[in-house]
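**Student:** Quick one: this structure, given as structure tokens, is what I'll be asking you about.
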Amino acid sequence: MKLSIKATCLSAFLFPGSGQFFLKCYLRGIIFMAIAGVGLYLIMATAFTIALAIANDIQMGNIPLGIASIREVIRQAMDVYKEPSLINAKIAIIGAWAVSSIDAYIEGKKKEKIMQGNEKA
């Protein structure tokens, strides 16, 4: 399999920036990983905060035990994901994923050309 395809698959399917690490472009890999990691952290921290609040409300008896009532509380809590900070986090993750995949492909193609040039010489 070509370098460009391997690097693209790593960035697209494993984590943004992993294809750059495979190609030894460490600085770019760290940048993509940091952007995606911060976005993922913000989303997960919010999700855990909401889950803990709902669990505490259930334990305290503020939410009746029943699938319908719990489902409704979760549905209402999901509105928090429409906040601008979390929308920006989603955009950052998607952007890092897309740009790192494209960058890995382009950088892989460059390295393939260099390797072909060295083989001919």
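By order of appearance in the structure tokens: chains A, B, ..., then residues from 1 within every chain, and ligands from 1 in the order shown.
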Find the nearest atom pair between each residue of range 39-105 of chain A and range 8-19 of chain A for residues within 9 Å, count only C-alpha atoms, give distances in Å to one decimal, sort rows by chain and ascending number, and present the table as a tab-separated table.
**Tutor:**
residue	atom	partner	partner_atom	distance
A:Ile93	CA	A:Pro16	CA	8.4
A:Ala96	CA	A:Pro16	CA	6.1
A:Trp97	CA	A:Pro16	CA	4.9
A:Ala98	CA	A:Ala12	CA	7.4
A:Val99	CA	A:Pro16	CA	8.5
A:Ser100	CA	A:Pro16	CA	5.7
A:Ser101	CA	A:Thr8	CA	5.0
A:Ile102	CA	A:Thr8	CA	7.0
A:Asp103	CA	A:Thr8	CA	8.1
A:Ala104	CA	A:Thr8	CA	5.2
A:Tyr105	CA	A:Thr8	CA	5.2
**Student:** Could you write out the selected residues, including C-alpha atoms, as a PDB file, in the first residue's frame?
**Tutor:**
ATOM      1  CA  ILE A  93     -12.908  18.191  15.417  1.00  0.00           C
ATOM      2  CA  ALA A  96      -8.951  18.773  12.073  1.00  0.00           C
ATOM      3  CA  TRP A  97     -10.139  15.419  10.770  1.00  0.00           C
ATOM      4  CA  ALA A  98     -10.721  16.663   7.211  1.00  0.00           C
ATOM      5  CA  VAL A  99      -7.628  18.870   6.921  1.00  0.00           C
ATOM      6  CA  SER A 100      -5.316  16.284   8.494  1.00  0.00           C
ATOM      7  CA  SER A 101      -6.588  13.595   6.115  1.00  0.00           C
ATOM      8  CA  ILE A 102      -6.018  15.824   3.091  1.00  0.00           C
ATOM      9  CA  ASP A 103      -2.632  16.973   4.409  1.00  0.00           C
ATOM     10  CA  ALA A 104      -1.544  13.365   5.050  1.00  0.00           C
ATOM     11  CA  TYR A 105      -2.438  12.430   1.486  1.00  0.00           C
TER      12      TYR A 105
END
**Student:** Apply DSSP to the backbone of this structure and, from range 9-83 of chain A, keep only the residues in alpha helix (DSSP H); write these as a PyMOL selection string.
**Tutor:** chain A and resi 9+18-22+26-60+67-77
**Student:** Near Ala92 in chain A, within 8 Å and counting only C-alpha atoms, which residues show up once chain neighbours fewer than 5 positions away are dropped, as a compact mmCIF listing (two decimals) with N, CA and C atoms, in the first residue's frame?
**Tutor:**
# COMPACT_ATOMS: atom_id res chain seq x y z
N ILE A 35 -5.78 20.06 18.35
CA ILE A 35 -7.06 20.68 17.99
C ILE A 35 -8.21 19.69 18.19
N ALA A 36 -8.04 18.48 17.68
CA ALA A 36 -9.10 17.48 17.83
C ALA A 36 -9.24 17.05 19.29
N GLY A 39 -11.17 19.74 21.31
CA GLY A 39 -12.59 19.69 20.95
C GLY A 39 -13.27 18.47 21.56
**Student:** Nearest to Ala77 in chain A: which of A:Pro64, A:Cys25, A:Ala53, A:Ala7 is it, counting only C-alpha atoms?
**Tutor:**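 Nearest to Ala77 in chain A: A:Ala53.
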**Student:** Expressed in Å to a single decimal, how great is the separation between CA of Thr46 in chain A and CA of Ser69 in chain A?
**Tutor:**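 Here the two named atoms are 21.1 Å from each other.
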